[in-house]
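Asker: See target.pdb below, with PDB, C-alpha atoms, pLDDT in the B column.
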ATOM      1  CA  MET A   1     -23.631   1.009-108.994  1.00 68.00           C
ATOM      2  CA  ALA A   2     -20.579  -0.587-110.600  1.00 89.00           C
ATOM      3  CA  ILE A   3     -17.108   0.839-110.014  1.00 95.00           C
ATOM      4  CA  ALA A   4     -16.055   3.120-112.870  1.00 96.00           C
ATOM      5  CA  TYR A   5     -12.534   3.145-114.299  1.00 97.00           C
ATOM      6  CA  ARG A   6     -11.565   6.520-115.735  1.00 97.00           C
ATOM      7  CA  GLY A   7      -9.236   7.300-118.598  1.00 97.00           C
ATOM      8  CA  LYS A   8      -6.687  10.114-118.624  1.00 97.00           C
ATOM      9  CA  THR A   9      -9.086  12.677-120.145  1.00 98.00           C
ATOM     10  CA  GLU A  10     -11.786  11.864-117.616  1.00 98.00           C
ATOM     11  CA  ILE A  11      -9.356  12.109-114.713  1.00 98.00           C
ATOM     12  CA  GLU A  12      -8.247  15.510-115.959  1.00 98.00           C
ATOM     13  CA  GLY A  13     -11.890  16.595-115.894  1.00 98.00           C
ATOM     14  CA  ILE A  14     -12.162  15.550-112.254  1.00 98.00           C
ATOM     15  CA  ARG A  15      -8.868  17.318-111.541  1.00 98.00           C
ATOM     16  CA  ARG A  16     -10.297  20.592-112.903  1.00 98.00           C
ATOM     17  CA  ALA A  17     -13.237  20.287-110.528  1.00 98.00           C
ATOM     18  CA  GLY A  18     -10.892  19.399-107.691  1.00 98.00           C
ATOM     19  CA  ARG A  19      -8.714  22.415-108.382  1.00 98.00           C
ATOM     20  CA  VAL A  20     -11.736  24.705-108.113  1.00 98.00           C
ATOM     21  CA  VAL A  21     -12.638  23.136-104.765  1.00 98.00           C
ATOM     22  CA  MET A  22      -9.149  23.712-103.381  1.00 98.00           C
ATOM     23  CA  GLU A  23      -9.013  27.292-104.654  1.00 98.00           C
ATOM     24  CA  VAL A  24     -12.286  28.073-102.896  1.00 98.00           C
ATOM     25  CA  LEU A  25     -11.192  26.292 -99.719  1.00 98.00           C
ATOM     26  CA  ALA A  26      -8.034  28.417 -99.696  1.00 98.00           C
ATOM     27  CA  VAL A  27     -10.187  31.567 -99.808  1.00 98.00           C
ATOM     28  CA  LEU A  28     -12.373  30.200 -97.011  1.00 98.00           C
ATOM     29  CA  ARG A  29      -9.370  29.276 -94.868  1.00 98.00           C
ATOM     30  CA  ALA A  30      -8.182  32.877 -95.050  1.00 98.00           C
ATOM     31  CA  ALA A  31     -11.668  34.112 -94.106  1.00 98.00           C
ATOM     32  CA  VAL A  32     -12.002  32.005 -90.945  1.00 98.00           C
ATOM     33  CA  ARG A  33     -11.588  34.210 -87.886  1.00 98.00           C
ATOM     34  CA  PRO A  34     -13.452  35.015 -84.673  1.00 98.00           C
ATOM     35  CA  GLY A  35     -16.694  36.903 -85.350  1.00 98.00           C
ATOM     36  CA  VAL A  36     -17.436  35.406 -88.771  1.00 98.00           C
ATOM     37  CA  THR A  37     -20.707  33.519 -89.093  1.00 98.00           C
ATOM     38  CA  THR A  38     -21.014  30.153 -90.763  1.00 98.00           C
ATOM     39  CA  SER A  39     -23.564  31.613 -93.201  1.00 98.00           C
ATOM     40  CA  GLU A  40     -21.027  34.256 -94.250  1.00 98.00           C
ATOM     41  CA  LEU A  41     -18.564  31.497 -95.105  1.00 98.00           C
ATOM     42  CA  ASN A  42     -21.242  29.743 -97.161  1.00 98.00           C
ATOM     43  CA  ALA A  43     -22.068  32.953 -99.051  1.00 98.00           C
ATOM     44  CA  LEU A  44     -18.367  33.450 -99.793  1.00 98.00           C
ATOM     45  CA  ALA A  45     -18.067  29.888-101.087  1.00 98.00           C
ATOM     46  CA  GLU A  46     -21.095  30.394-103.327  1.00 98.00           C
ATOM     47  CA  ARG A  47     -19.624  33.570-104.826  1.00 98.00           C
ATOM     48  CA  GLU A  48     -16.239  31.946-105.396  1.00 98.00           C
ATOM     49  CA  LEU A  49     -17.769  28.934-107.126  1.00 98.00           C
ATOM     50  CA  LYS A  50     -19.774  31.179-109.427  1.00 98.00           C
ATOM     51  CA  ALA A  51     -16.702  33.276-110.235  1.00 98.00           C
ATOM     52  CA  ARG A  52     -14.953  30.121-111.449  1.00 98.00           C
ATOM     53  CA  GLY A  53     -17.847  28.937-113.598  1.00 97.00           C
ATOM     54  CA  ALA A  54     -18.539  25.970-111.315  1.00 98.00           C
ATOM     55  CA  ILE A  55     -21.710  24.794-109.625  1.00 98.00           C
ATOM     56  CA  SER A  56     -22.225  23.157-106.247  1.00 98.00           C
ATOM     57  CA  ASN A  57     -22.783  19.422-105.914  1.00 97.00           C
ATOM     58  CA  PHE A  58     -23.827  19.860-102.268  1.00 98.00           C
ATOM     59  CA  LYS A  59     -26.695  22.343-102.543  1.00 98.00           C
ATOM     60  CA  GLY A  60     -29.933  20.463-103.172  1.00 97.00           C
ATOM     61  CA  TYR A  61     -28.276  17.074-102.629  1.00 97.00           C
ATOM     62  CA  ARG A  62     -30.662  14.484-101.194  1.00 94.00           C
ATOM     63  CA  PRO A  63     -29.147  11.123-100.233  1.00 90.00           C
ATOM     64  CA  GLU A  64     -32.432   9.330 -99.571  1.00 89.00           C
ATOM     65  CA  ARG A  65     -36.177   9.835 -99.276  1.00 88.00           C
ATOM     66  CA  GLY A  66     -37.227  11.525 -96.072  1.00 88.00           C
ATOM     67  CA  VAL A  67     -34.065  13.608 -95.822  1.00 94.00           C
ATOM     68  CA  PRO A  68     -34.502  17.260 -96.826  1.00 97.00           C
ATOM     69  CA  PRO A  69     -32.271  18.545 -99.655  1.00 97.00           C
ATOM     70  CA  TYR A  70     -29.031  20.006 -98.326  1.00 98.00           C
ATOM     71  CA  PRO A  71     -29.590  23.799 -98.281  1.00 98.00           C
ATOM     72  CA  ALA A  72     -26.048  25.146 -98.752  1.00 98.00           C
ATOM     73  CA  VAL A  73     -22.937  24.830-100.919  1.00 98.00           C
ATOM     74  CA  LEU A  74     -20.696  24.301 -97.889  1.00 98.00           C
ATOM     75  CA  CYS A  75     -20.727  22.065 -94.822  1.00 98.00           C
ATOM     76  CA  VAL A  76     -19.401  23.989 -91.810  1.00 98.00           C
ATOM     77  CA  SER A  77     -18.865  21.750 -88.780  1.00 98.00           C
ATOM     78  CA  VAL A  78     -17.601  23.396 -85.593  1.00 98.00           C
ATOM     79  CA  ASP A  79     -15.875  21.631 -82.669  1.00 98.00           C
ATOM     80  CA  ASP A  80     -18.150  18.680 -81.720  1.00 98.00           C
ATOM     81  CA  GLU A  81     -19.925  18.731 -85.104  1.00 98.00           C
ATOM     82  CA  VAL A  82     -18.428  15.844 -87.047  1.00 98.00           C
ATOM     83  CA  LEU A  83     -19.786  16.604 -90.515  1.00 97.00           C
ATOM     84  CA  HIS A  84     -22.668  18.056 -92.532  1.00 98.00           C
ATOM     85  CA  GLY A  85     -22.997  21.135 -90.339  1.00 98.00           C
ATOM     86  CA  ILE A  86     -25.531  23.468 -91.974  1.00 98.00           C
ATOM     87  CA  PRO A  87     -24.369  27.098 -92.195  1.00 98.00           C
ATOM     88  CA  GLY A  88     -26.452  29.604 -90.263  1.00 98.00           C
ATOM     89  CA  ARG A  89     -26.220  32.284 -87.595  1.00 97.00           C
ATOM     90  CA  ARG A  90     -23.494  30.613 -85.545  1.00 98.00           C
ATOM     91  CA  VAL A  91     -20.600  32.981 -84.851  1.00 98.00           C
ATOM     92  CA  LEU A  92     -17.116  31.462 -84.838  1.00 98.00           C
ATOM     93  CA  ARG A  93     -15.225  31.986 -81.601  1.00 98.00           C
ATOM     94  CA  GLU A  94     -11.542  32.114 -80.697  1.00 98.00           C
ATOM     95  CA  GLY A  95     -10.152  28.657 -79.956  1.00 98.00           C
ATOM     96  CA  GLU A  96     -12.706  26.653 -81.953  1.00 98.00           C
ATOM     97  CA  ILE A  97     -11.873  24.408 -84.890  1.00 98.00           C
ATOM     98  CA  VAL A  98     -14.055  24.366 -87.996  1.00 98.00           C
ATOM     99  CA  ALA A  99     -14.291  21.726 -90.719  1.00 98.00           C
ATOM    100  CA  LEU A 100     -15.055  23.074 -94.198  1.00 98.00           C
ATOM    101  CA  ASP A 101     -16.308  20.420 -96.611  1.00 98.00           C
ATOM    102  CA  MET A 102     -17.389  21.283-100.148  1.00 98.00           C
ATOM    103  CA  GLY A 103     -17.545  20.112-103.707  1.00 98.00           C
ATOM    104  CA  ALA A 104     -17.830  21.497-107.218  1.00 98.00           C
ATOM    105  CA  VAL A 105     -19.020  20.392-110.632  1.00 98.00           C
ATOM    106  CA  VAL A 106     -17.077  21.519-113.714  1.00 98.00           C
ATOM    107  CA  ASP A 107     -18.189  20.302-117.156  1.00 98.00           C
ATOM    108  CA  GLY A 108     -20.129  17.491-115.508  1.00 98.00           C
ATOM    109  CA  TRP A 109     -17.214  16.219-113.404  1.00 98.00           C
ATOM    110  CA  HIS A 110     -17.280  16.298-109.607  1.00 98.00           C
ATOM    111  CA  GLY A 111     -14.590  17.222-107.092  1.00 98.00           C
ATOM    112  CA  ASP A 112     -14.800  17.005-103.292  1.00 98.00           C
ATOM    113  CA  SER A 113     -12.451  17.945-100.452  1.00 98.00           C
ATOM    114  CA  ALA A 114     -12.436  19.003 -96.802  1.00 98.00           C
ATOM    115  CA  ILE A 115     -10.104  20.805 -94.427  1.00 98.00           C
ATOM    116  CA  THR A 116     -10.294  21.634 -90.728  1.00 98.00           C
ATOM    117  CA  VAL A 117      -8.846  24.947 -89.635  1.00 98.00           C
ATOM    118  CA  PRO A 118      -8.318  26.812 -86.360  1.00 98.00           C
ATOM    119  CA  VAL A 119     -10.321  29.879 -85.399  1.00 98.00           C
ATOM    120  CA  GLY A 120      -7.642  32.233 -84.111  1.00 98.00           C
ATOM    121  CA  GLN A 121      -5.354  30.669 -81.514  1.00 98.00           C
ATOM    122  CA  ILE A 122      -6.256  27.138 -80.443  1.00 98.00           C
ATOM    123  CA  ALA A 123      -5.154  24.917 -77.574  1.00 98.00           C
ATOM    124  CA  ALA A 124      -2.398  22.336 -78.023  1.00 98.00           C
ATOM    125  CA  ASP A 125      -4.833  19.412 -77.781  1.00 98.00           C
ATOM    126  CA  ALA A 126      -6.979  20.880 -80.577  1.00 98.00           C
ATOM    127  CA  GLN A 127      -3.906  21.337 -82.790  1.00 98.00           C
ATOM    128  CA  ARG A 128      -2.864  17.766 -82.045  1.00 98.00           C
ATOM    129  CA  LEU A 129      -6.260  16.546 -83.265  1.00 98.00           C
ATOM    130  CA  LEU A 130      -5.813  18.458 -86.533  1.00 98.00           C
ATOM    131  CA  ASP A 131      -2.302  17.047 -86.972  1.00 98.00           C
ATOM    132  CA  ILE A 132      -3.440  13.467 -86.309  1.00 98.00           C
ATOM    133  CA  THR A 133      -6.329  13.720 -88.762  1.00 98.00           C
ATOM    134  CA  GLN A 134      -4.171  15.219 -91.491  1.00 98.00           C
ATOM    135  CA  GLU A 135      -1.531  12.543 -90.983  1.00 98.00           C
ATOM    136  CA  ALA A 136      -4.248   9.870 -91.105  1.00 98.00           C
ATOM    137  CA  LEU A 137      -5.282  11.222 -94.508  1.00 98.00           C
ATOM    138  CA  ARG A 138      -1.671  11.103 -95.712  1.00 98.00           C
ATOM    139  CA  ARG A 139      -1.301   7.499 -94.565  1.00 98.00           C
ATOM    140  CA  GLY A 140      -4.589   6.455 -96.103  1.00 98.00           C
ATOM    141  CA  ILE A 141      -3.613   7.927 -99.459  1.00 98.00           C
ATOM    142  CA  ALA A 142      -0.161   6.322 -99.259  1.00 98.00           C
ATOM    143  CA  ALA A 143      -1.857   2.914 -98.982  1.00 98.00           C
ATOM    144  CA  ALA A 144      -3.844   3.436-102.200  1.00 98.00           C
ATOM    145  CA  HIS A 145      -1.669   1.515-104.659  1.00 96.00           C
ATOM    146  CA  PRO A 146      -2.775  -0.772-107.504  1.00 97.00           C
ATOM    147  CA  GLY A 147      -3.095  -4.333-106.273  1.00 96.00           C
ATOM    148  CA  ALA A 148      -3.981  -3.228-102.758  1.00 98.00           C
ATOM    149  CA  ARG A 149      -7.575  -3.173-101.564  1.00 98.00           C
ATOM    150  CA  VAL A 150      -9.963  -0.586-100.184  1.00 98.00           C
ATOM    151  CA  LEU A 151      -9.595  -1.934 -96.661  1.00 98.00           C
ATOM    152  CA  ASP A 152      -5.833  -1.398 -96.827  1.00 98.00           C
ATOM    153  CA  ILE A 153      -6.676   2.317 -96.870  1.00 98.00           C
ATOM    154  CA  SER A 154      -9.062   1.777 -93.972  1.00 98.00           C
ATOM    155  CA  ARG A 155      -6.486  -0.170 -91.971  1.00 98.00           C
ATOM    156  CA  ALA A 156      -3.781   2.463 -92.450  1.00 98.00           C
ATOM    157  CA  ILE A 157      -6.117   5.187 -91.169  1.00 98.00           C
ATOM    158  CA  GLN A 158      -7.612   3.246 -88.260  1.00 98.00           C
ATOM    159  CA  THR A 159      -4.318   1.819 -87.017  1.00 98.00           C
ATOM    160  CA  TYR A 160      -2.672   5.213 -86.892  1.00 98.00           C
ATOM    161  CA  VAL A 161      -5.602   7.116 -85.347  1.00 98.00           C
ATOM    162  CA  GLU A 162      -6.333   4.593 -82.633  1.00 98.00           C
ATOM    163  CA  GLY A 163      -2.624   4.303 -81.919  1.00 98.00           C
ATOM    164  CA  GLN A 164      -2.698   8.024 -81.130  1.00 98.00           C
ATOM    165  CA  GLY A 165      -5.498   7.529 -78.599  1.00 98.00           C
ATOM    166  CA  CYS A 166      -8.246   9.007 -80.778  1.00 98.00           C
ATOM    167  CA  ALA A 167     -11.384   7.444 -82.262  1.00 98.00           C
ATOM    168  CA  ILE A 168     -12.529   6.898 -85.842  1.00 98.00           C
ATOM    169  CA  VAL A 169     -16.057   7.904 -86.838  1.00 96.00           C
ATOM    170  CA  ARG A 170     -18.203   4.943 -87.877  1.00 94.00           C
ATOM    171  CA  HIS A 171     -20.918   4.774 -90.562  1.00 92.00           C
ATOM    172  CA  TYR A 172     -19.421   7.622 -92.629  1.00 96.00           C
ATOM    173  CA  GLY A 173     -16.392   7.525 -94.908  1.00 97.00           C
ATOM    174  CA  GLY A 174     -14.965   8.111 -98.343  1.00 98.00           C
ATOM    175  CA  HIS A 175     -16.487   7.178-101.685  1.00 98.00           C
ATOM    176  CA  GLY A 176     -15.978   6.901-105.384  1.00 98.00           C
ATOM    177  CA  ILE A 177     -16.567  10.067-107.396  1.00 98.00           C
ATOM    178  CA  GLY A 178     -16.821  11.096-111.033  1.00 98.00           C
ATOM    179  CA  ARG A 179     -20.023  11.894-112.891  1.00 98.00           C
ATOM    180  CA  ALA A 180     -21.809  11.763-109.534  1.00 97.00           C
ATOM    181  CA  LEU A 181     -20.762  13.021-106.110  1.00 97.00           C
ATOM    182  CA  HIS A 182     -21.089   9.583-104.522  1.00 97.00           C
ATOM    183  CA  GLU A 183     -20.172   6.485-106.481  1.00 97.00           C
ATOM    184  CA  ASP A 184     -18.800   3.053-105.611  1.00 97.00           C
ATOM    185  CA  PRO A 185     -16.737   2.014-103.774  1.00 97.00           C
ATOM    186  CA  PHE A 186     -17.448   3.068-100.187  1.00 97.00           C
ATOM    187  CA  VAL A 187     -14.101   3.793 -98.485  1.00 98.00           C
ATOM    188  CA  PRO A 188     -14.497   3.335 -94.721  1.00 97.00           C
ATOM    189  CA  ASN A 189     -11.949   4.611 -92.223  1.00 98.00           C
ATOM    190  CA  TYR A 190     -12.292   1.488 -90.078  1.00 97.00           C
ATOM    191  CA  ILE A 191     -12.523  -2.260 -90.523  1.00 96.00           C
ATOM    192  CA  GLU A 192     -15.336  -4.519 -89.408  1.00 93.00           C
ATOM    193  CA  ARG A 193     -16.708  -7.874 -90.508  1.00 91.00           C
ATOM    194  CA  GLY A 194     -18.691  -7.975 -93.730  1.00 91.00           C
ATOM    195  CA  GLN A 195     -17.302  -4.877 -95.424  1.00 92.00           C
ATOM    196  CA  ALA A 196     -16.756  -4.883 -99.175  1.00 90.00           C
ATOM    197  CA  ASN A 197     -13.073  -4.934-100.063  1.00 95.00           C
ATOM    198  CA  SER A 198     -12.644  -3.972-103.699  1.00 95.00           C
ATOM    199  CA  LEU A 199      -9.337  -4.380-105.470  1.00 97.00           C
ATOM    200  CA  LEU A 200      -7.657  -1.052-106.269  1.00 98.00           C
ATOM    201  CA  ARG A 201      -7.020  -0.771-110.001  1.00 98.00           C
ATOM    202  CA  PRO A 202      -5.687   2.083-112.170  1.00 98.00           C
ATOM    203  CA  GLY A 203      -8.462   4.447-113.231  1.00 98.00           C
ATOM    204  CA  MET A 204     -10.431   4.250-109.992  1.00 98.00           C
ATOM    205  CA  VAL A 205     -11.163   7.698-108.542  1.00 98.00           C
ATOM    206  CA  MET A 206     -12.218   8.086-104.917  1.00 98.00           C
ATOM    207  CA  CYS A 207     -12.359  10.381-101.940  1.00 98.00           C
ATOM    208  CA  VAL A 208     -10.365   9.460 -98.861  1.00 98.00           C
ATOM    209  CA  GLU A 209     -11.641  11.325 -95.811  1.00 98.00           C
ATOM    210  CA  PRO A 210     -10.762  10.417 -92.237  1.00 98.00           C
ATOM    211  CA  MET A 211     -13.044  11.868 -89.557  1.00 98.00           C
ATOM    212  CA  VAL A 212     -11.368  11.689 -86.167  1.00 98.00           C
ATOM    213  CA  ILE A 213     -12.784  12.273 -82.688  1.00 98.00           C
ATOM    214  CA  ALA A 214     -10.716  13.268 -79.659  1.00 98.00           C
ATOM    215  CA  GLY A 215     -13.068  11.295 -77.383  1.00 97.00           C
ATOM    216  CA  ALA A 216     -15.289   8.261 -77.947  1.00 97.00           C
ATOM    217  CA  ALA A 217     -16.391   7.089 -81.408  1.00 97.00           C
ATOM    218  CA  ALA A 218     -20.160   7.351 -80.837  1.00 97.00           C
ATOM    219  CA  THR A 219     -22.071  10.014 -82.804  1.00 98.00           C
ATOM    220  CA  ARG A 220     -25.665  11.155 -83.155  1.00 97.00           C
ATOM    221  CA  GLU A 221     -27.649  12.916 -85.858  1.00 97.00           C
ATOM    222  CA  LEU A 222     -29.435  16.165 -85.039  1.00 97.00           C
ATOM    223  CA  PRO A 223     -33.125  16.732 -85.880  1.00 97.00           C
ATOM    224  CA  ASP A 224     -32.172  18.641 -89.068  1.00 96.00           C
ATOM    225  CA  ARG A 225     -31.297  15.144 -90.471  1.00 96.00           C
ATOM    226  CA  TRP A 226     -27.898  16.394 -91.605  1.00 98.00           C
ATOM    227  CA  THR A 227     -25.650  17.563 -88.790  1.00 98.00           C
ATOM    228  CA  VAL A 228     -23.737  14.764 -87.057  1.00 98.00           C
ATOM    229  CA  VAL A 229     -22.188  15.489 -83.653  1.00 98.00           C
ATOM    230  CA  THR A 230     -20.065  13.533 -81.191  1.00 98.00           C
ATOM    231  CA  ALA A 231     -22.154  11.842 -78.512  1.00 98.00           C
ATOM    232  CA  ASP A 232     -19.803  12.917 -75.717  1.00 97.00           C
ATOM    233  CA  GLY A 233     -19.311  16.512 -76.878  1.00 98.00           C
ATOM    234  CA  SER A 234     -15.646  16.046 -77.743  1.00 98.00           C
ATOM    235  CA  ARG A 235     -14.038  17.721 -80.748  1.00 98.00           C
ATOM    236  CA  SER A 236     -13.844  16.203 -84.196  1.00 98.00           C
ATOM    237  CA  ALA A 237     -11.704  16.962 -87.262  1.00 98.00           C
ATOM    238  CA  HIS A 238     -12.103  16.071 -90.944  1.00 98.00           C
ATOM    239  CA  PHE A 239      -9.725  16.169 -93.916  1.00 98.00           C
ATOM    240  CA  GLU A 240     -10.422  14.873 -97.430  1.00 98.00           C
ATOM    241  CA  HIS A 241      -8.784  14.560-100.832  1.00 98.00           C
ATOM    242  CA  THR A 242     -10.007  13.209-104.155  1.00 98.00           C
ATOM    243  CA  ILE A 243      -7.432  10.784-105.575  1.00 98.00           C
ATOM    244  CA  ALA A 244      -6.934   8.621-108.649  1.00 98.00           C
ATOM    245  CA  ILE A 245      -5.381   5.165-108.526  1.00 98.00           C
ATOM    246  CA  THR A 246      -2.516   4.970-111.027  1.00 97.00           C
ATOM    247  CA  HIS A 247       0.083   2.372-112.014  1.00 97.00           C
ATOM    248  CA  GLY A 248       2.343   3.959-109.392  1.00 96.00           C
ATOM    249  CA  ASP A 249       1.710   6.405-106.573  1.00 96.00           C
ATOM    250  CA  PRO A 250      -1.824   7.737-106.074  1.00 98.00           C
ATOM    251  CA  ASP A 251      -2.554  11.006-107.863  1.00 98.00           C
ATOM    252  CA  ILE A 252      -4.107  13.687-105.653  1.00 98.00           C
ATOM    253  CA  LEU A 253      -6.653  15.547-107.788  1.00 98.00           C
ATOM    254  CA  THR A 254      -7.664  18.168-105.207  1.00 97.00           C
ATOM    255  CA  THR A 255      -4.638  20.441-105.291  1.00 90.00           C
ATOM    256  CA  ALA A 256      -4.612  24.199-105.758  1.00 77.00           C
TER     257      ALA A 256
END
How would this structure read if it were set down as structure tokens?
Answerer:
Amino acid sequence: MAIAYRGKTEIEGIRRAGRVVMEVLAVLRAAVRPGVTTSELNALAERELKARGAISNFKGYRPERGVPPYPAVLCVSVDDEVLHGIPGRRVLREGEIVALDMGAVVDGWHGDSAITVPVGQIAADAQRLLDITQEALRRGIAAAHPGARVLDISRAIQTYVEGQGCAIVRHYGGHGIGRALHEDPFVPNYIERGQANSLLRPGMVMCVEPMVIAGAAATRELPDRWTVVTADGSRSAHFEHTIAITHGDPDILTTA
């Protein structure tokens, strides 16, 4: 898939989808508390999307053959669950952290964002993980200027996170977005030999989404073929914004 370069009208379409995502995430953030189940959060997200005339780009999504379609509109990943946690009977408990990742389609344009929020009162080390991940997102976005390259975003995220004594999740990362949920380019949060390193040019729209682990970087996939957890059981956090590359500073399209 070739990288798409969007005009002003197209970017505004993605912004409308992104605004819906952030409005729903704000409702979900307020609903997170001890005793709530992950399926209740998913049902709330589904109602809020429908109320805004949007549809989910997660539910029914199938990245490759052999993987079952994703069954929900929301990914709810708790504590050691890195991403793609499937909502179900799990009850949120005081002191946990929960990543909420979702998208929306409005008039054919896709938006995508993620936040990680505390469940009640959390320990200082859990709050530090949230702060580091959110700051990593800020630094990654700040590196997204025309004339820079994708791996400049990756370097900004990885350098900061590892400098704080945390680990960056491998194999998963950000992506282009527009008429489809996942488009080129892939936007990793780490650098290794052989990665593509596209030039950032005005009109590119992408999701930047650091996933940070308090322990070691290794992860494993559960038998449901979706949920990814840390191999050592340590906590993970995830924040994401959809942004557009402009002639100046990057434009964050997922704002309420």
Asker: Hey, what's within 7 Å of stretch 138-150 of chain A if we count all atoms listed in the file and toss same-chain stuff fewer than 3 positions away? As a list in words, please?
Answerer: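 Contacts, with the query itself left out: Gln134, Glu135, Ile153, Ser154, Ala156, Ile157, Val187, Asn197, Ser198, Leu199, Leu200, Arg201, Pro202, Val208, Ile245, Thr246, His247, Gly248, Asp249 and Pro250 of chain A.
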Asker: Choose the residue, out of A:Ile168, A:Ile97, A:Cys207, A:Ala196, that has the smallest atom-to-atom separation from A:Ala126; count only C-alpha atoms.
Answerer: A:Ile97
Asker: Expand the PyMOL selection byres ((chain A and resi 61-76) around 6) into the individual residues it matches in the shown file, reporting them as JSON, numbers by chain.
Answerer: {"A": [42, 56, 58, 59, 60, 77, 84, 85, 86, 87, 99, 100, 101, 102]}
Asker: Write out the residues from the selection above, keeping C-alpha atoms, as a PDB file, in the coordinates of the input.
Answerer:
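Everything below was put into again_8.pdb:
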ATOM      1  CA  ASN A  42     -21.242  29.743 -97.161  1.00 98.00           C
ATOM      2  CA  SER A  56     -22.225  23.157-106.247  1.00 98.00           C
ATOM      3  CA  PHE A  58     -23.827  19.860-102.268  1.00 98.00           C
ATOM      4  CA  LYS A  59     -26.695  22.343-102.543  1.00 98.00           C
ATOM      5  CA  GLY A  60     -29.933  20.463-103.172  1.00 97.00           C
ATOM      6  CA  SER A  77     -18.865  21.750 -88.780  1.00 98.00           C
ATOM      7  CA  HIS A  84     -22.668  18.056 -92.532  1.00 98.00           C
ATOM      8  CA  GLY A  85     -22.997  21.135 -90.339  1.00 98.00           C
ATOM      9  CA  ILE A  86     -25.531  23.468 -91.974  1.00 98.00           C
ATOM     10  CA  PRO A  87     -24.369  27.098 -92.195  1.00 98.00           C
ATOM     11  CA  ALA A  99     -14.291  21.726 -90.719  1.00 98.00           C
ATOM     12  CA  LEU A 100     -15.055  23.074 -94.198  1.00 98.00           C
ATOM     13  CA  ASP A 101     -16.308  20.420 -96.611  1.00 98.00           C
ATOM     14  CA  MET A 102     -17.389  21.283-100.148  1.00 98.00           C
TER      15      MET A 102
END
Asker: Tell me which of A:Arg220, A:Arg170, A:Arg193, A:His110 sits closest to A:Glu12, counting only C-alpha atoms.
Answerer: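 That would be A:His110, the residue with the smallest distance to A:Glu12.
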Asker: Quick one, how far is atom CA of A:Thr116 from atom CA of A:Glu240?
Answerer: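 Separation of atom CA of A:Thr116 and atom CA of A:Glu240: 9.5 Å.
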Asker: Neighbours of stretch 234-239 of chain A within 8 Å (all atoms listed in the file; same-chain residues fewer than 3 positions away dropped), as a ChimeraX atom specification?
Answerer: /A:79-83,97-99,113-116,126,129-130,133-134,137,209-216,230-231
Asker: Pick from A:Gly53, A:Gly95, A:Gly176, A:Gly18: nearest to A:Pro34, with all atoms listed in the file counted?
Answerer: A:Gly95
Asker: List the spatial neighbours of A:Arg89 as a PyMOL selection string - criterion: any atom at most 9 Å away, all atoms listed in the file, same-chain residues fewer than 2 positions off excluded.
Answerer: chain A and resi 37-40+87+91
Asker: One number please: atom CA of A:Ile243 to atom CA of A:Val106, in Å, one decimal.
Answerer: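 Atom CA of A:Ile243 sits 16.6 Å away from atom CA of A:Val106.
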Asker: List as a ChimeraX atom specification the residues having at least one atom at most 12 Å from position (-7.3, 14.3, -115.2) as given in the file, counting all atoms listed in the file.
Answerer: /A:6-19,109-111,178,203-205,242-246,251-255
Asker: Rounded to one decimal, what separation in Å do you get between atom CA of A:Glu183 and atom CA of A:Asp107?
Answerer: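 That distance, rounded to one decimal, is 17.6 Å.
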Asker: Starting from the point (-13.0, 25.2, -103.3), work out which residues of protein, DNA or RNA have an atom no more than 8 Å away when counting only C-alpha atoms; state them as a list in words.
Answerer: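 Here is the list of nearby residues: Gly18, Arg19, Val20, Val21, Met22, Glu23, Val24, Leu25, Ala26, Val27, Ala45, Glu48, Leu49, Met102, Gly103, Ala104 and Ser113 of chain A.
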Asker: Have a look at A:Ala180, A:Ala167, A:Val229, A:Ile191 and name the one nearest to A:Ala4; count all atoms listed in the file.
Answerer: A:Ala180
Asker: Emit as lines of an AutoDock Vina configuration file the padded axis-aligned box for all listed atoms of stretch 178-188 of chain A, 3 Å per side, with centre and edge lengths in Å to one decimal.
Answerer:
center_x = -18.0
center_y = 7.5
center_z = -103.8
size_x = 13.7
size_y = 17.0
size_z = 24.2
